[in-house]
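Structure data (mmCIF, N, CA and C atoms and all ligand atoms) from work20.cif:
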```cif
data_structure
#
loop_
_atom_site.label_atom_id
_atom_site.label_comp_id
_atom_site.auth_asym_id
_atom_site.auth_seq_id
_atom_site.Cartn_x
_atom_site.Cartn_y
_atom_site.Cartn_z
N MET A 62 8.05 3.96 7.81
CA MET A 62 7.19 3.73 6.64
C MET A 62 5.76 3.43 7.09
N ILE A 63 4.79 3.94 6.31
CA ILE A 63 3.40 3.61 6.56
C ILE A 63 3.00 2.57 5.52
N CYS A 64 2.37 1.51 5.97
CA CYS A 64 1.93 0.44 5.07
C CYS A 64 1.02 1.01 3.99
N ALA A 65 1.30 0.65 2.71
CA ALA A 65 0.52 1.19 1.60
C ALA A 65 -0.86 0.56 1.49
N ASN A 66 -1.11 -0.46 2.28
CA ASN A 66 -2.45 -1.03 2.35
C ASN A 66 -3.30 -0.11 3.22
N LYS A 67 -4.27 0.58 2.58
CA LYS A 67 -5.04 1.61 3.28
C LYS A 67 -5.75 1.08 4.51
N GLU A 68 -6.21 -0.16 4.43
CA GLU A 68 -6.93 -0.73 5.57
C GLU A 68 -6.00 -1.03 6.74
N CYS A 69 -4.73 -1.13 6.45
CA CYS A 69 -3.75 -1.44 7.50
C CYS A 69 -3.10 -0.14 7.97
N ALA A 70 -2.42 0.54 7.03
CA ALA A 70 -1.78 1.84 7.29
C ALA A 70 -0.96 1.84 8.57
N LYS A 71 -0.34 0.71 8.83
CA LYS A 71 0.46 0.56 10.04
C LYS A 71 1.86 1.13 9.82
N ASN A 72 2.43 1.67 10.86
CA ASN A 72 3.81 2.14 10.79
C ASN A 72 4.73 0.94 10.95
N PHE A 73 5.68 0.80 10.02
CA PHE A 73 6.59 -0.34 10.13
C PHE A 73 7.98 0.06 9.69
N ASN A 74 8.95 -0.76 10.03
CA ASN A 74 10.32 -0.52 9.61
C ASN A 74 10.60 -1.27 8.31
N ALA A 75 10.81 -0.54 7.23
CA ALA A 75 11.06 -1.16 5.94
C ALA A 75 12.44 -1.81 5.94
N LYS A 76 12.50 -3.03 5.44
CA LYS A 76 13.78 -3.74 5.36
C LYS A 76 14.52 -3.32 4.10
N THR A 77 13.74 -3.01 3.04
CA THR A 77 14.34 -2.52 1.80
C THR A 77 13.70 -1.17 1.47
N HIS A 78 14.40 -0.36 0.68
CA HIS A 78 13.91 1.00 0.42
C HIS A 78 12.63 1.00 -0.40
N ASN A 79 12.36 -0.09 -1.15
CA ASN A 79 11.15 -0.10 -1.96
C ASN A 79 10.02 -0.93 -1.35
N GLN A 80 10.17 -1.27 -0.09
CA GLN A 80 9.11 -2.03 0.58
C GLN A 80 7.94 -1.10 0.89
N LYS A 81 6.75 -1.46 0.37
CA LYS A 81 5.60 -0.58 0.54
C LYS A 81 4.60 -1.10 1.57
N TYR A 82 4.71 -2.38 1.88
CA TYR A 82 3.73 -2.98 2.78
C TYR A 82 4.44 -3.58 3.99
N CYS A 83 3.71 -3.63 5.11
CA CYS A 83 4.31 -4.12 6.34
C CYS A 83 4.50 -5.63 6.29
N SER A 84 3.70 -6.32 5.47
CA SER A 84 3.80 -7.77 5.43
C SER A 84 3.43 -8.29 4.04
N ASP A 85 3.76 -9.55 3.77
CA ASP A 85 3.39 -10.17 2.51
C ASP A 85 1.88 -10.18 2.35
N GLU A 86 1.19 -10.38 3.46
CA GLU A 86 -0.27 -10.43 3.45
C GLU A 86 -0.84 -9.10 2.95
N CYS A 87 -0.32 -7.98 3.47
CA CYS A 87 -0.78 -6.66 3.04
C CYS A 87 -0.49 -6.45 1.56
N CYS A 88 0.65 -6.90 1.12
CA CYS A 88 1.03 -6.78 -0.29
C CYS A 88 0.04 -7.54 -1.15
N ARG A 89 -0.29 -8.75 -0.73
CA ARG A 89 -1.21 -9.60 -1.47
C ARG A 89 -2.60 -8.97 -1.54
N VAL A 90 -3.08 -8.50 -0.37
CA VAL A 90 -4.41 -7.90 -0.29
C VAL A 90 -4.51 -6.68 -1.21
N ALA A 91 -3.47 -5.83 -1.16
CA ALA A 91 -3.49 -4.60 -1.95
C ALA A 91 -3.42 -4.91 -3.44
N THR A 92 -2.60 -5.89 -3.81
CA THR A 92 -2.48 -6.27 -5.21
C THR A 92 -3.80 -6.82 -5.72
N ASN A 93 -4.43 -7.69 -4.94
CA ASN A 93 -5.71 -8.26 -5.31
C ASN A 93 -6.75 -7.16 -5.52
N ARG A 94 -6.74 -6.17 -4.60
CA ARG A 94 -7.74 -5.11 -4.70
C ARG A 94 -7.55 -4.33 -6.00
N ARG A 95 -6.27 -4.09 -6.34
CA ARG A 95 -6.00 -3.33 -7.56
C ARG A 95 -6.49 -4.11 -8.79
N ILE A 96 -6.26 -5.40 -8.78
CA ILE A 96 -6.70 -6.24 -9.90
C ILE A 96 -8.23 -6.20 -10.01
N MET A 97 -8.91 -6.30 -8.87
CA MET A 97 -10.36 -6.29 -8.87
C MET A 97 -10.91 -4.95 -9.35
N GLU A 98 -10.28 -3.86 -8.92
CA GLU A 98 -10.73 -2.54 -9.36
C GLU A 98 -10.65 -2.41 -10.87
N LYS A 99 -9.53 -2.88 -11.44
CA LYS A 99 -9.36 -2.85 -12.89
C LYS A 99 -10.43 -3.71 -13.55
N TYR A 100 -10.67 -4.86 -12.97
CA TYR A 100 -11.64 -5.80 -13.51
C TYR A 100 -13.02 -5.17 -13.57
N TYR A 101 -13.44 -4.53 -12.45
CA TYR A 101 -14.77 -3.93 -12.41
C TYR A 101 -14.87 -2.73 -13.34
N GLU A 102 -13.76 -2.01 -13.48
CA GLU A 102 -13.74 -0.85 -14.38
C GLU A 102 -13.98 -1.33 -15.82
N LYS A 103 -13.25 -2.37 -16.20
CA LYS A 103 -13.38 -2.91 -17.55
C LYS A 103 -14.77 -3.47 -17.78
N LYS A 104 -15.30 -4.14 -16.75
CA LYS A 104 -16.61 -4.73 -16.85
C LYS A 104 -17.66 -3.64 -17.05
N ALA A 105 -17.54 -2.54 -16.31
CA ALA A 105 -18.47 -1.42 -16.42
C ALA A 105 -18.42 -0.82 -17.81
N ILE A 106 -17.18 -0.71 -18.35
CA ILE A 106 -17.03 -0.15 -19.69
C ILE A 106 -17.73 -1.06 -20.70
N ARG A 107 -17.52 -2.35 -20.54
CA ARG A 107 -18.09 -3.29 -21.48
C ARG A 107 -19.62 -3.31 -21.40
N LYS A 108 -20.13 -3.08 -20.19
CA LYS A 108 -21.59 -3.08 -20.02
C LYS A 108 -22.20 -1.77 -20.53
N GLY A 109 -21.34 -0.83 -20.93
CA GLY A 109 -21.83 0.41 -21.50
C GLY A 109 -22.07 1.51 -20.49
N ALA A 110 -21.32 1.48 -19.37
CA ALA A 110 -21.40 2.57 -18.41
C ALA A 110 -21.11 3.87 -19.13
N LYS A 111 -21.86 4.92 -18.81
CA LYS A 111 -21.73 6.18 -19.53
C LYS A 111 -20.41 6.86 -19.15
N ARG A 112 -19.56 7.05 -20.15
CA ARG A 112 -18.30 7.75 -19.93
C ARG A 112 -18.20 8.85 -20.96
N VAL A 113 -17.68 9.99 -20.57
CA VAL A 113 -17.56 11.09 -21.52
C VAL A 113 -16.11 11.53 -21.63
N CYS A 114 -15.81 12.17 -22.77
CA CYS A 114 -14.47 12.68 -23.04
C CYS A 114 -14.12 13.76 -22.02
N LEU A 115 -12.91 13.70 -21.47
CA LEU A 115 -12.46 14.68 -20.48
C LEU A 115 -12.40 16.08 -21.07
N LYS A 116 -12.19 16.16 -22.37
CA LYS A 116 -11.98 17.46 -23.02
C LYS A 116 -13.29 18.06 -23.53
N CYS A 117 -14.03 17.28 -24.32
CA CYS A 117 -15.19 17.88 -24.99
C CYS A 117 -16.52 17.30 -24.52
N LYS A 118 -16.48 16.36 -23.58
CA LYS A 118 -17.70 15.79 -23.00
C LYS A 118 -18.53 14.97 -23.98
N THR A 119 -17.93 14.60 -25.11
CA THR A 119 -18.61 13.69 -26.03
C THR A 119 -18.73 12.33 -25.38
N ARG A 120 -19.78 11.63 -25.65
CA ARG A 120 -19.94 10.28 -25.15
C ARG A 120 -18.84 9.40 -25.74
N LEU A 121 -18.17 8.63 -24.86
CA LEU A 121 -17.09 7.77 -25.34
C LEU A 121 -17.65 6.41 -25.74
N SER A 122 -17.07 5.85 -26.78
CA SER A 122 -17.44 4.51 -27.20
C SER A 122 -16.99 3.50 -26.15
N ARG A 123 -17.72 2.42 -26.03
CA ARG A 123 -17.34 1.40 -25.04
C ARG A 123 -16.04 0.70 -25.44
N TYR A 124 -15.65 0.87 -26.69
CA TYR A 124 -14.41 0.24 -27.14
C TYR A 124 -13.21 1.13 -26.88
N ASN A 125 -13.49 2.38 -26.50
CA ASN A 125 -12.41 3.32 -26.20
C ASN A 125 -12.11 3.23 -24.71
N GLU A 126 -10.94 2.70 -24.39
CA GLU A 126 -10.61 2.51 -22.98
C GLU A 126 -9.90 3.71 -22.38
N SER A 127 -9.62 4.74 -23.18
CA SER A 127 -8.98 5.94 -22.64
C SER A 127 -10.06 6.92 -22.21
N ASN A 128 -9.65 8.05 -21.63
CA ASN A 128 -10.61 9.01 -21.10
C ASN A 128 -10.91 10.16 -22.06
N ILE A 129 -10.34 10.12 -23.25
CA ILE A 129 -10.64 11.16 -24.22
C ILE A 129 -11.06 10.53 -25.54
N CYS A 130 -11.86 11.29 -26.31
CA CYS A 130 -12.38 10.76 -27.56
C CYS A 130 -11.32 10.78 -28.65
N ALA A 131 -11.59 10.07 -29.73
CA ALA A 131 -10.63 9.96 -30.83
C ALA A 131 -10.33 11.34 -31.41
N GLY A 132 -11.34 12.19 -31.52
CA GLY A 132 -11.16 13.53 -32.07
C GLY A 132 -10.18 14.35 -31.25
N CYS A 133 -10.37 14.35 -29.93
CA CYS A 133 -9.48 15.11 -29.05
C CYS A 133 -8.08 14.51 -29.04
N GLN A 134 -8.02 13.19 -29.11
CA GLN A 134 -6.72 12.53 -29.14
C GLN A 134 -5.94 12.98 -30.37
N LYS A 135 -6.65 13.10 -31.49
CA LYS A 135 -6.03 13.53 -32.73
C LYS A 135 -5.48 14.95 -32.57
N LYS A 136 -6.31 15.84 -31.96
CA LYS A 136 -5.89 17.22 -31.75
C LYS A 136 -4.63 17.27 -30.89
N ILE A 137 -4.60 16.44 -29.84
CA ILE A 137 -3.43 16.39 -28.96
C ILE A 137 -2.21 15.95 -29.76
N ASP A 138 -2.40 14.93 -30.59
CA ASP A 138 -1.29 14.43 -31.40
C ASP A 138 -0.77 15.53 -32.31
N ILE A 139 -1.69 16.26 -32.96
CA ILE A 139 -1.29 17.34 -33.88
C ILE A 139 -0.55 18.43 -33.11
N ASN A 140 -1.10 18.81 -31.94
CA ASN A 140 -0.45 19.84 -31.12
C ASN A 140 0.97 19.44 -30.77
N GLN A 141 1.13 18.18 -30.40
CA GLN A 141 2.46 17.71 -30.01
C GLN A 141 3.41 17.75 -31.21
N LYS A 142 2.88 17.40 -32.37
CA LYS A 142 3.67 17.40 -33.59
C LYS A 142 4.08 18.84 -33.91
N ASN A 143 3.11 19.79 -33.82
CA ASN A 143 3.40 21.19 -34.10
C ASN A 143 4.44 21.73 -33.14
N LYS A 144 4.29 21.39 -31.88
CA LYS A 144 5.24 21.86 -30.86
C LYS A 144 6.65 21.39 -31.22
N LEU A 145 6.72 20.13 -31.64
CA LEU A 145 8.00 19.54 -32.00
C LEU A 145 8.59 20.25 -33.21
N LEU A 146 7.72 20.51 -34.20
CA LEU A 146 8.18 21.19 -35.42
C LEU A 146 8.69 22.59 -35.10
N ARG A 147 7.93 23.29 -34.20
CA ARG A 147 8.33 24.63 -33.82
C ARG A 147 9.71 24.61 -33.14
N MET A 148 9.89 23.63 -32.28
CA MET A 148 11.16 23.50 -31.57
C MET A 148 12.30 23.29 -32.57
N ILE A 149 12.04 22.44 -33.55
CA ILE A 149 13.06 22.17 -34.56
C ILE A 149 13.36 23.43 -35.34
N ASN A 150 12.30 24.18 -35.72
CA ASN A 150 12.48 25.43 -36.48
C ASN A 150 13.27 26.46 -35.68
N GLU A 151 12.95 26.55 -34.37
CA GLU A 151 13.65 27.53 -33.55
C GLU A 151 15.14 27.22 -33.47
N VAL A 152 15.45 25.96 -33.39
CA VAL A 152 16.84 25.54 -33.32
C VAL A 152 17.54 25.83 -34.64
N GLY A 153 16.84 25.45 -35.75
CA GLY A 153 17.45 25.58 -37.06
C GLY A 153 17.47 27.05 -37.47
ZN ZN J 201 0.09 -3.61 6.47
ZN ZN J 202 -13.23 14.86 -26.98
#
```
Using structure tokens, write down the structure from this file.
Amino acid sequence: MICANKECAKNFNAKTHNQKYCSDECCRVATNRRIMEKYYEKKAIRKGAKRVCLKCKTRLSRYNESNICAGCQKKIDINQKNKLLRMINEVG
């Protein structure tokens, strides 16, 4: 196993199949980093960092924490609904 802590990336023998880090310390460091990344991402959003919709490139509202705008989200929802309806019709 390679330690999932990128700064460590040491080869180690995992004691359990779901062990991702070589040590508790690496686990702690990696978890902390993930929390901080989320924190800074949220902070940037709140400060009004410019984010655009992945689909139509519309400017996203700072209150929208997803990567697509409400309009595109609606279209996706409708598409999924239509797909489901078509599937049901094909079966019936
Ligand atoms: Zn490690
Ligand atoms: Zn959009």
Please extract the residues at most 8 Å from ligand ZN 201 (chain J), counting only N, CA and C atoms and all ligand atoms, and provide them as a list in words, using the chain letters and residue numbers of this document.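 After applying the 8 Å limit, what remains is Ile63, Cys64, Ala65, Asn66, Lys67, Glu68, Cys69, Ala70, Lys71, Asn72, Phe73, Lys81, Tyr82, Cys83, Ser84, Asp85, Glu86, Cys87 and Cys88 of chain A.
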Give the residue list for ligand ZN 202 (chain J) at 6 Å, counting only N, CA and C atoms and all ligand atoms, as a list in words, sorted by chain and then by residue number.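 Listing the residues within 6 Å of ligand ZN 202 (chain J) gives Cys114, Leu115, Lys116, Cys117, Lys118, Thr119, Ile129, Cys130, Ala131, Gly132, Cys133 and Gln134 of chain A.
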Just how far from atom CA of Ile149 of chain A is atom CA of Lys136 of chain A, in Å to one decimal? 19.8 Å
Could you tell me how far atom N of Ile137 of chain A lies from atom N of Arg112 of chain A, in Å and to one decimal?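 Taking atom N of Ile137 of chain A as the start and atom N of Arg112 of chain A as the end point, the length is 20.1 Å.
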Can you work out the spacing between atom N of Ile139 of chain A and atom CA of Ala105 of chain A in Å, to one decimal?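 Computing the Euclidean distance for atom N of Ile139 of chain A and atom CA of Ala105 of chain A yields 29.5 Å.
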